[in-house]
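Structure file data_21.json; described as JSON, C-alpha atoms.
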```json
[["chain", "number", "residue", "atom", "x", "y", "z"],
["A", 1, "MET", "CA", 0.00, 0.00, 0.00],
["A", 2, "ARG", "CA", 2.89, 2.36, 0.72],
["A", 3, "TRP", "CA", 4.29, 1.93, -2.79],
["A", 4, "ILE", "CA", 0.87, 2.64, -4.28],
["A", 5, "ALA", "CA", 0.61, 5.85, -2.26],
["A", 6, "VAL", "CA", 4.13, 6.93, -3.22],
["A", 7, "CYS", "CA", 3.68, 6.14, -6.92],
["A", 8, "LEU", "CA", 0.33, 7.91, -7.14],
["A", 9, "GLY", "CA", 1.74, 10.90, -5.28],
["A", 10, "LEU", "CA", 4.71, 11.05, -7.65],
["A", 11, "SER", "CA", 2.40, 10.84, -10.65],
["A", 12, "PHE", "CA", 0.70, 14.02, -9.40],
["A", 13, "VAL", "CA", 4.11, 15.71, -9.18],
["A", 14, "PHE", "CA", 4.53, 15.31, -12.93],
["A", 15, "LYS", "CA", 1.01, 16.20, -14.06],
["A", 16, "SER", "CA", -1.83, 16.73, -11.64],
["A", 17, "MET", "CA", -4.86, 16.46, -13.94],
["A", 18, "ALA", "CA", -3.47, 13.60, -16.00],
["A", 19, "ALA", "CA", -2.80, 11.74, -12.74],
["A", 20, "ALA", "CA", -6.18, 12.53, -11.17],
["A", 21, "ILE", "CA", -8.17, 10.53, -13.73],
["A", 22, "PRO", "CA", -6.26, 7.24, -13.36],
["A", 23, "THR", "CA", -6.18, 7.73, -9.58],
["A", 24, "LEU", "CA", -9.97, 7.94, -9.49],
["A", 25, "LEU", "CA", -10.21, 4.84, -11.67],
["A", 26, "LEU", "CA", -7.74, 2.84, -9.60],
["A", 27, "LEU", "CA", -9.13, 3.97, -6.22],
["A", 28, "PRO", "CA", -11.84, 1.24, -6.01],
["A", 29, "TRP", "CA", -9.22, -1.44, -6.74],
["A", 30, "TRP", "CA", -6.86, 0.11, -4.21],
["A", 31, "LEU", "CA", -9.60, 0.14, -1.57],
["A", 32, "LEU", "CA", -10.50, -3.48, -2.38],
["A", 33, "ALA", "CA", -6.86, -4.53, -1.91],
["A", 34, "ALA", "CA", -6.63, -2.50, 1.30],
["A", 35, "ARG", "CA", -9.78, -4.13, 2.65],
["A", 36, "ARG", "CA", -8.47, -7.62, 1.89],
["A", 37, "HIS", "CA", -5.22, -6.96, 3.72],
["A", 38, "TYR", "CA", -6.59, -4.77, 6.51],
["A", 39, "ARG", "CA", -6.03, -5.66, 10.15],
["A", 40, "ALA", "CA", -7.76, -3.62, 12.83],
["A", 41, "ASP", "CA", -4.73, -2.86, 14.96],
["A", 42, "SER", "CA", -2.97, 0.38, 15.83],
["A", 43, "ALA", "CA", 0.10, -0.41, 13.68],
["A", 44, "THR", "CA", -2.09, -0.83, 10.58],
["A", 45, "LYS", "CA", -4.00, 2.38, 11.28],
["A", 46, "ARG", "CA", -0.69, 4.23, 11.72],
["A", 47, "ARG", "CA", 0.60, 2.79, 8.42],
["A", 48, "ILE", "CA", -2.57, 3.89, 6.63],
["A", 49, "ALA", "CA", -2.24, 7.42, 8.06],
["A", 50, "ILE", "CA", 1.42, 7.56, 6.95],
["A", 51, "ASP", "CA", 0.50, 6.31, 3.44],
["A", 52, "ILE", "CA", -2.22, 8.95, 3.09],
["A", 53, "ALA", "CA", 0.15, 11.65, 4.37],
["A", 54, "LEU", "CA", 2.86, 10.55, 1.90],
["A", 55, "PHE", "CA", 0.39, 10.69, -0.97],
["A", 56, "LEU", "CA", -0.90, 14.13, 0.02],
["A", 57, "ILE", "CA", 2.59, 15.57, 0.51],
["A", 58, "LEU", "CA", 3.83, 14.27, -2.83],
["A", 59, "ALA", "CA", 0.65, 15.15, -4.73],
["A", 60, "SER", "CA", 0.48, 18.69, -3.35],
["A", 61, "SER", "CA", 4.12, 19.34, -4.22],
["A", 62, "TYR", "CA", 3.04, 19.75, -7.87],
["A", 63, "PHE", "CA", 1.15, 22.88, -6.88],
["A", 64, "GLY", "CA", 3.90, 24.10, -4.55],
["A", 65, "LEU", "CA", 6.59, 23.68, -7.20],
["A", 66, "GLY", "CA", 4.30, 25.18, -9.84],
["A", 67, "LEU", "CA", 3.71, 28.28, -7.76],
["A", 68, "ILE", "CA", 7.42, 28.67, -7.07],
["A", 69, "MET", "CA", 8.41, 28.22, -10.71],
["A", 70, "GLY", "CA", 5.41, 29.78, -12.49],
["A", 71, "GLY", "CA", 4.06, 32.29, -9.99],
["A", 72, "GLN", "CA", 0.93, 34.16, -11.03],
["A", 73, "ARG", "CA", 0.75, 32.46, -14.44],
["A", 74, "PHE", "CA", 0.61, 29.02, -12.78],
["A", 75, "TRP", "CA", -2.06, 30.27, -10.37],
["A", 76, "ASP", "CA", -4.17, 31.76, -13.17],
["A", 77, "GLU", "CA", -3.98, 28.68, -15.40],
["A", 78, "HIS", "CA", -4.13, 25.81, -12.91],
["A", 79, "ILE", "CA", -6.00, 27.19, -9.96],
["A", 80, "GLY", "CA", -7.96, 30.06, -11.50],
["A", 81, "ALA", "CA", -9.12, 28.55, -14.78],
["A", 82, "MET", "CA", -8.96, 24.84, -14.05],
["A", 83, "LEU", "CA", -10.40, 24.78, -10.53],
["A", 84, "LEU", "CA", -12.08, 28.05, -9.53],
["A", 85, "ASP", "CA", -13.73, 28.82, -12.90],
["A", 86, "ARG", "CA", -15.03, 25.27, -13.13],
["A", 87, "ALA", "CA", -16.30, 25.31, -9.55],
["A", 88, "SER", "CA", -18.11, 28.62, -10.13],
["A", 89, "GLY", "CA", -19.69, 27.34, -13.35],
["A", 90, "GLU", "CA", -17.88, 29.75, -15.69],
["A", 91, "LEU", "CA", -16.07, 26.87, -17.40],
["A", 92, "SER", "CA", -17.78, 23.55, -17.95],
["A", 93, "PRO", "CA", -15.87, 20.58, -16.56],
["A", 94, "LEU", "CA", -17.24, 18.32, -19.30],
["A", 95, "ILE", "CA", -16.99, 17.99, -23.07],
["A", 96, "GLY", "CA", -14.99, 21.01, -24.08],
["A", 97, "ILE", "CA", -12.06, 21.54, -26.43],
["A", 98, "GLY", "CA", -12.48, 19.31, -29.48],
["A", 99, "GLY", "CA", -15.54, 17.46, -28.16],
["A", 100, "PRO", "CA", -15.72, 13.99, -26.63],
["A", 101, "GLY", "CA", -14.21, 12.28, -29.68],
["A", 102, "ALA", "CA", -11.03, 14.40, -29.71],
["A", 103, "TYR", "CA", -8.78, 11.71, -28.24],
["A", 104, "LEU", "CA", -10.11, 9.01, -30.54],
["A", 105, "ARG", "CA", -9.54, 11.29, -33.54],
["A", 106, "HIS", "CA", -6.03, 12.02, -32.28],
["A", 107, "MET", "CA", -5.26, 8.30, -31.91],
["A", 108, "THR", "CA", -6.55, 7.42, -35.37],
["A", 109, "THR", "CA", -4.64, 10.32, -36.94],
["A", 110, "TYR", "CA", -1.31, 9.79, -35.20],
["A", 111, "ASP", "CA", -1.34, 6.05, -34.41],
["A", 112, "GLY", "CA", -3.35, 4.88, -37.40],
["A", 113, "LEU", "CA", -6.51, 2.84, -37.86],
["A", 114, "LEU", "CA", -4.71, -0.51, -37.67],
["A", 115, "TYR", "CA", -3.24, 0.31, -34.24],
["A", 116, "CYS", "CA", -6.62, 1.58, -33.01],
["A", 117, "ALA", "CA", -8.36, -1.58, -34.24],
["A", 118, "ILE", "CA", -5.78, -3.84, -32.56],
["A", 119, "ALA", "CA", -5.96, -1.77, -29.37],
["A", 120, "GLY", "CA", -9.77, -1.84, -29.31],
["A", 121, "VAL", "CA", -10.01, -5.58, -29.94],
["A", 122, "SER", "CA", -7.30, -6.25, -27.35],
["A", 123, "VAL", "CA", -8.97, -4.21, -24.62],
["A", 124, "ILE", "CA", -12.44, -5.61, -25.33],
["A", 125, "ALA", "CA", -11.13, -9.19, -25.47],
["A", 126, "SER", "CA", -9.19, -8.67, -22.25],
["A", 127, "GLY", "CA", -12.30, -7.26, -20.59],
["A", 128, "ALA", "CA", -14.28, -10.34, -21.60],
["A", 129, "LEU", "CA", -11.50, -12.64, -20.38],
["A", 130, "ALA", "CA", -11.19, -10.75, -17.08],
["A", 131, "TRP", "CA", -14.92, -11.15, -16.55],
["A", 132, "LYS", "CA", -15.00, -14.82, -17.60],
["A", 133, "LYS", "CA", -11.95, -15.87, -15.57],
["A", 134, "ARG", "CA", -12.66, -13.48, -12.68],
["A", 135, "ASP", "CA", -9.11, -12.18, -13.12],
["A", 136, "LEU", "CA", -8.89, -9.12, -10.86],
["A", 137, "ALA", "CA", -5.44, -8.05, -12.07],
["A", 138, "LEU", "CA", -6.58, -8.01, -15.68],
["A", 139, "GLY", "CA", -9.76, -6.25, -14.58],
["A", 140, "VAL", "CA", -7.63, -3.45, -13.14],
["A", 141, "VAL", "CA", -5.75, -3.04, -16.42],
["A", 142, "VAL", "CA", -8.94, -3.03, -18.51],
["A", 143, "THR", "CA", -10.65, -0.58, -16.13],
["A", 144, "TYR", "CA", -7.62, 1.67, -16.33],
["A", 145, "ALA", "CA", -7.47, 1.61, -20.16],
["A", 146, "ILE", "CA", -11.17, 2.09, -20.89],
["A", 147, "GLY", "CA", -11.95, 4.34, -17.95],
["A", 148, "SER", "CA", -9.02, 6.68, -18.60],
["A", 149, "LEU", "CA", -10.01, 7.16, -22.23],
["A", 150, "VAL", "CA", -13.67, 7.77, -21.34],
["A", 151, "LEU", "CA", -13.01, 10.15, -18.44],
["A", 152, "LEU", "CA", -10.29, 12.05, -20.30],
["A", 153, "SER", "CA", -12.72, 12.40, -23.20],
["A", 154, "LEU", "CA", -15.31, 13.94, -20.86],
["A", 155, "VAL", "CA", -12.92, 16.44, -19.26],
["A", 156, "SER", "CA", -12.61, 19.63, -21.26],
["A", 157, "THR", "CA", -8.79, 19.68, -21.39],
["A", 158, "ARG", "CA", -7.61, 18.00, -24.60],
["A", 159, "LEU", "CA", -3.86, 17.66, -24.28],
["A", 160, "PRO", "CA", -2.62, 14.72, -26.40],
["A", 161, "HIS", "CA", 0.14, 13.82, -23.93],
["A", 162, "TYR", "CA", -2.54, 12.89, -21.37],
["A", 163, "LEU", "CA", -3.10, 9.79, -23.51],
["A", 164, "LEU", "CA", 0.42, 8.54, -22.82],
["A", 165, "ALA", "CA", -0.74, 7.07, -19.53],
["A", 166, "ILE", "CA", -3.13, 4.60, -21.19],
["A", 167, "TYR", "CA", -0.71, 3.07, -23.72],
["A", 168, "PRO", "CA", 0.95, 0.70, -21.20],
["A", 169, "ALA", "CA", -2.49, -0.60, -20.20],
["A", 170, "ILE", "CA", -3.42, -1.13, -23.86],
["A", 171, "GLY", "CA", -0.10, -2.96, -24.37],
["A", 172, "LEU", "CA", -0.77, -5.24, -21.40],
["A", 173, "CYS", "CA", -4.26, -5.99, -22.74],
["A", 174, "ALA", "CA", -2.79, -6.80, -26.17],
["A", 175, "ALA", "CA", -0.17, -9.09, -24.62],
["A", 176, "PHE", "CA", -2.75, -10.93, -22.53],
["A", 177, "ALA", "CA", -5.17, -11.29, -25.46],
["A", 178, "ALA", "CA", -2.36, -12.60, -27.71],
["A", 179, "TYR", "CA", -1.23, -15.05, -25.02],
["A", 180, "HIS", "CA", -4.78, -16.33, -24.53],
["A", 181, "ALA", "CA", -5.29, -16.65, -28.30],
["A", 182, "SER", "CA", -2.01, -18.61, -28.65],
["A", 183, "GLU", "CA", -3.11, -20.94, -25.83],
["A", 184, "ARG", "CA", -6.42, -21.58, -27.58],
["A", 185, "LEU", "CA", -4.65, -22.26, -30.90],
["A", 186, "ALA", "CA", -2.25, -24.69, -29.21],
["A", 187, "GLU", "CA", -5.17, -26.54, -27.58],
["A", 188, "SER", "CA", -6.98, -26.90, -30.92],
["A", 189, "GLY", "CA", -3.91, -28.39, -32.56]]
```

Any chance you could put this one into structure tokens?
Amino acid sequence: MRWIAVCLGLSFVFKSMAAAIPTLLLLPWWLLAARRHYRADSATKRRIAIDIALFLILASSYFGLGLIMGGQRFWDEHIGAMLLDRASGELSPLIGIGGPGAYLRHMTTYDGLLYCAIAGVSVIASGALAWKKRDLALGVVVTYAIGSLVLLSLVSTRLPHYLLAIYPAIGLCAAFAAYHASERLAESG
């Protein structure tokens, strides 16, 4: 659990919004793992408090460093426009720049239709296999890949580099789907 907290905190250091989406998607899985391994003793509660504190310290350092390095510009762009304007209703948090299909158009333009077809089939096949085999680890990867694309598509920021975070999950889905397909072919002779 400590490594999860540290890694998620560090992901916020590099890009807060791009890290927030996967964190929200992975939170249910993280809580499920924590519940399975939870012991109601004071040492465990202290560890949980330390993990949460580590995450918050690391995650908030993005804003601290941003303010130090960017000053008023950072405040205006990240706090003013991204948080305060959205909270006040001046800027919609959903479906903005480029519309909800912007990331899919970007992927088809820059990665190509063949890649997108392979990625889509791989993720869908992996989702079906995760459900059929009750494979929680694969379920996490599929949730991460699909959920990140959907939630990023709904958020009004359309920065192509936000997509970089989902490519490893797509690759893992493709590897698992290929492995399963090769097993099936071997069984059928």

Requested in this report: Could you please determine the separation between atom CA of A:Leu25 and atom CA of A:Val155 in Å, to one decimal place?
Outcome: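 Spanning atom CA of A:Leu25 to atom CA of A:Val155 is a straight-line distance of 14.1 Å.
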
Report task. Determine the nearest neighbour of A:Met107 from the options A:Gly139, A:Gly9, A:Pro160, A:Pro22, counting all atoms listed in the file. Result ->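 For A:Met107, the nearest of the candidates is A:Pro160.
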
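Atom CA of A:Leu24 sits 13.7 Å away from atom CA of A:Val141.
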
For stretch 20-29 of chain A, take all atoms listed in the file, fit an axis-aligned box around them, add 6 Å to each of the six sides, then output centre and edge lengths in Å rounded to one decimal, as lines of an AutoDock Vina configuration file.
```
center_x = -9.0
center_y = 5.5
center_z = -9.9
size_x = 17.7
size_y = 26.0
size_z = 19.7
```

Report task. Rank A:Ala145, A:Met69, A:Ala19, A:Leu58 by their smallest atom-to-atom distance to A:Ala119, using all atoms listed in the file, and report the top residue only. Result -> A:Ala145

Could I get stretch 135-146 of chain A rebuilt with all heavy atoms, written as a PDB file, in the coordinates of the input?
```pdb
ATOM      1  N   ASP A 135     -10.507 -12.580 -13.283  1.00  0.00           N
ATOM      2  CA  ASP A 135      -9.110 -12.180 -13.120  1.00  0.00           C
ATOM      3  C   ASP A 135      -9.073 -10.711 -12.690  1.00  0.00           C
ATOM      4  O   ASP A 135      -9.235  -9.805 -13.503  1.00  0.00           O
ATOM      5  CB  ASP A 135      -8.359 -12.390 -14.431  1.00  0.00           C
ATOM      6  CG  ASP A 135      -6.877 -12.151 -14.328  1.00  0.00           C
ATOM      7  OD1 ASP A 135      -6.449 -11.357 -13.459  1.00  0.00           O
ATOM      8  OD2 ASP A 135      -6.141 -12.753 -15.123  1.00  0.00           O
ATOM      9  N   LEU A 136      -8.861 -10.480 -11.390  1.00  0.00           N
ATOM     10  CA  LEU A 136      -8.890  -9.120 -10.860  1.00  0.00           C
ATOM     11  C   LEU A 136      -7.760  -8.261 -11.410  1.00  0.00           C
ATOM     12  O   LEU A 136      -7.955  -7.076 -11.698  1.00  0.00           O
ATOM     13  CB  LEU A 136      -8.840  -9.139  -9.337  1.00  0.00           C
ATOM     14  CG  LEU A 136     -10.060  -9.739  -8.638  1.00  0.00           C
ATOM     15  CD1 LEU A 136      -9.870  -9.718  -7.131  1.00  0.00           C
ATOM     16  CD2 LEU A 136     -11.325  -9.011  -9.023  1.00  0.00           C
ATOM     17  N   ALA A 137      -6.572  -8.828 -11.561  1.00  0.00           N
ATOM     18  CA  ALA A 137      -5.440  -8.050 -12.070  1.00  0.00           C
ATOM     19  C   ALA A 137      -5.720  -7.557 -13.486  1.00  0.00           C
ATOM     20  O   ALA A 137      -5.468  -6.399 -13.809  1.00  0.00           O
ATOM     21  CB  ALA A 137      -4.161  -8.873 -12.027  1.00  0.00           C
ATOM     22  N   LEU A 138      -6.242  -8.427 -14.325  1.00  0.00           N
ATOM     23  CA  LEU A 138      -6.580  -8.010 -15.680  1.00  0.00           C
ATOM     24  C   LEU A 138      -7.742  -7.016 -15.660  1.00  0.00           C
ATOM     25  O   LEU A 138      -7.774  -6.078 -16.460  1.00  0.00           O
ATOM     26  CB  LEU A 138      -6.922  -9.229 -16.544  1.00  0.00           C
ATOM     27  CG  LEU A 138      -7.148  -8.953 -18.019  1.00  0.00           C
ATOM     28  CD1 LEU A 138      -5.937  -8.295 -18.662  1.00  0.00           C
ATOM     29  CD2 LEU A 138      -7.488 -10.254 -18.751  1.00  0.00           C
ATOM     30  N   GLY A 139      -8.661  -7.198 -14.728  1.00  0.00           N
ATOM     31  CA  GLY A 139      -9.760  -6.250 -14.580  1.00  0.00           C
ATOM     32  C   GLY A 139      -9.267  -4.844 -14.264  1.00  0.00           C
ATOM     33  O   GLY A 139      -9.807  -3.857 -14.761  1.00  0.00           O
ATOM     34  N   VAL A 140      -8.223  -4.750 -13.455  1.00  0.00           N
ATOM     35  CA  VAL A 140      -7.630  -3.450 -13.140  1.00  0.00           C
ATOM     36  C   VAL A 140      -7.086  -2.802 -14.402  1.00  0.00           C
ATOM     37  O   VAL A 140      -7.314  -1.627 -14.671  1.00  0.00           O
ATOM     38  CB  VAL A 140      -6.507  -3.596 -12.077  1.00  0.00           C
ATOM     39  CG1 VAL A 140      -5.722  -2.308 -11.923  1.00  0.00           C
ATOM     40  CG2 VAL A 140      -7.084  -4.031 -10.743  1.00  0.00           C
ATOM     41  N   VAL A 141      -6.366  -3.579 -15.207  1.00  0.00           N
ATOM     42  CA  VAL A 141      -5.750  -3.040 -16.420  1.00  0.00           C
ATOM     43  C   VAL A 141      -6.824  -2.579 -17.412  1.00  0.00           C
ATOM     44  O   VAL A 141      -6.720  -1.499 -17.996  1.00  0.00           O
ATOM     45  CB  VAL A 141      -4.812  -4.095 -17.064  1.00  0.00           C
ATOM     46  CG1 VAL A 141      -4.277  -3.610 -18.394  1.00  0.00           C
ATOM     47  CG2 VAL A 141      -3.677  -4.439 -16.125  1.00  0.00           C
ATOM     48  N   VAL A 142      -7.862  -3.382 -17.577  1.00  0.00           N
ATOM     49  CA  VAL A 142      -8.940  -3.030 -18.510  1.00  0.00           C
ATOM     50  C   VAL A 142      -9.685  -1.785 -18.005  1.00  0.00           C
ATOM     51  O   VAL A 142      -9.969  -0.868 -18.789  1.00  0.00           O
ATOM     52  CB  VAL A 142      -9.903  -4.218 -18.706  1.00  0.00           C
ATOM     53  CG1 VAL A 142     -11.140  -3.802 -19.491  1.00  0.00           C
ATOM     54  CG2 VAL A 142      -9.186  -5.367 -19.402  1.00  0.00           C
ATOM     55  N   THR A 143      -9.986  -1.751 -16.712  1.00  0.00           N
ATOM     56  CA  THR A 143     -10.650  -0.580 -16.130  1.00  0.00           C
ATOM     57  C   THR A 143      -9.821   0.672 -16.364  1.00  0.00           C
ATOM     58  O   THR A 143     -10.348   1.726 -16.733  1.00  0.00           O
ATOM     59  CB  THR A 143     -10.841  -0.777 -14.604  1.00  0.00           C
ATOM     60  OG1 THR A 143     -11.637  -1.930 -14.389  1.00  0.00           O
ATOM     61  CG2 THR A 143     -11.500   0.426 -13.967  1.00  0.00           C
ATOM     62  N   TYR A 144      -8.532   0.547 -16.159  1.00  0.00           N
ATOM     63  CA  TYR A 144      -7.620   1.670 -16.330  1.00  0.00           C
ATOM     64  C   TYR A 144      -7.624   2.157 -17.784  1.00  0.00           C
ATOM     65  O   TYR A 144      -7.733   3.352 -18.047  1.00  0.00           O
ATOM     66  CB  TYR A 144      -6.218   1.246 -15.908  1.00  0.00           C
ATOM     67  CG  TYR A 144      -5.185   2.325 -16.011  1.00  0.00           C
ATOM     68  CD1 TYR A 144      -5.029   3.260 -15.006  1.00  0.00           C
ATOM     69  CD2 TYR A 144      -4.366   2.408 -17.121  1.00  0.00           C
ATOM     70  CE1 TYR A 144      -4.077   4.255 -15.091  1.00  0.00           C
ATOM     71  CE2 TYR A 144      -3.411   3.398 -17.225  1.00  0.00           C
ATOM     72  CZ  TYR A 144      -3.265   4.319 -16.208  1.00  0.00           C
ATOM     73  OH  TYR A 144      -2.335   5.302 -16.317  1.00  0.00           O
ATOM     74  N   ALA A 145      -7.529   1.230 -18.747  1.00  0.00           N
ATOM     75  CA  ALA A 145      -7.470   1.610 -20.160  1.00  0.00           C
ATOM     76  C   ALA A 145      -8.768   2.255 -20.633  1.00  0.00           C
ATOM     77  O   ALA A 145      -8.764   3.358 -21.190  1.00  0.00           O
ATOM     78  CB  ALA A 145      -7.144   0.383 -21.022  1.00  0.00           C
ATOM     79  N   ILE A 146      -9.880   1.581 -20.408  1.00  0.00           N
ATOM     80  CA  ILE A 146     -11.170   2.090 -20.890  1.00  0.00           C
ATOM     81  C   ILE A 146     -11.587   3.327 -20.096  1.00  0.00           C
ATOM     82  O   ILE A 146     -11.985   4.347 -20.669  1.00  0.00           O
ATOM     83  CB  ILE A 146     -12.262   1.004 -20.798  1.00  0.00           C
ATOM     84  CG1 ILE A 146     -11.950  -0.133 -21.771  1.00  0.00           C
ATOM     85  CG2 ILE A 146     -13.640   1.592 -21.085  1.00  0.00           C
ATOM     86  CD1 ILE A 146     -12.865  -1.331 -21.636  1.00  0.00           C
TER      87      ILE A 146
END
```
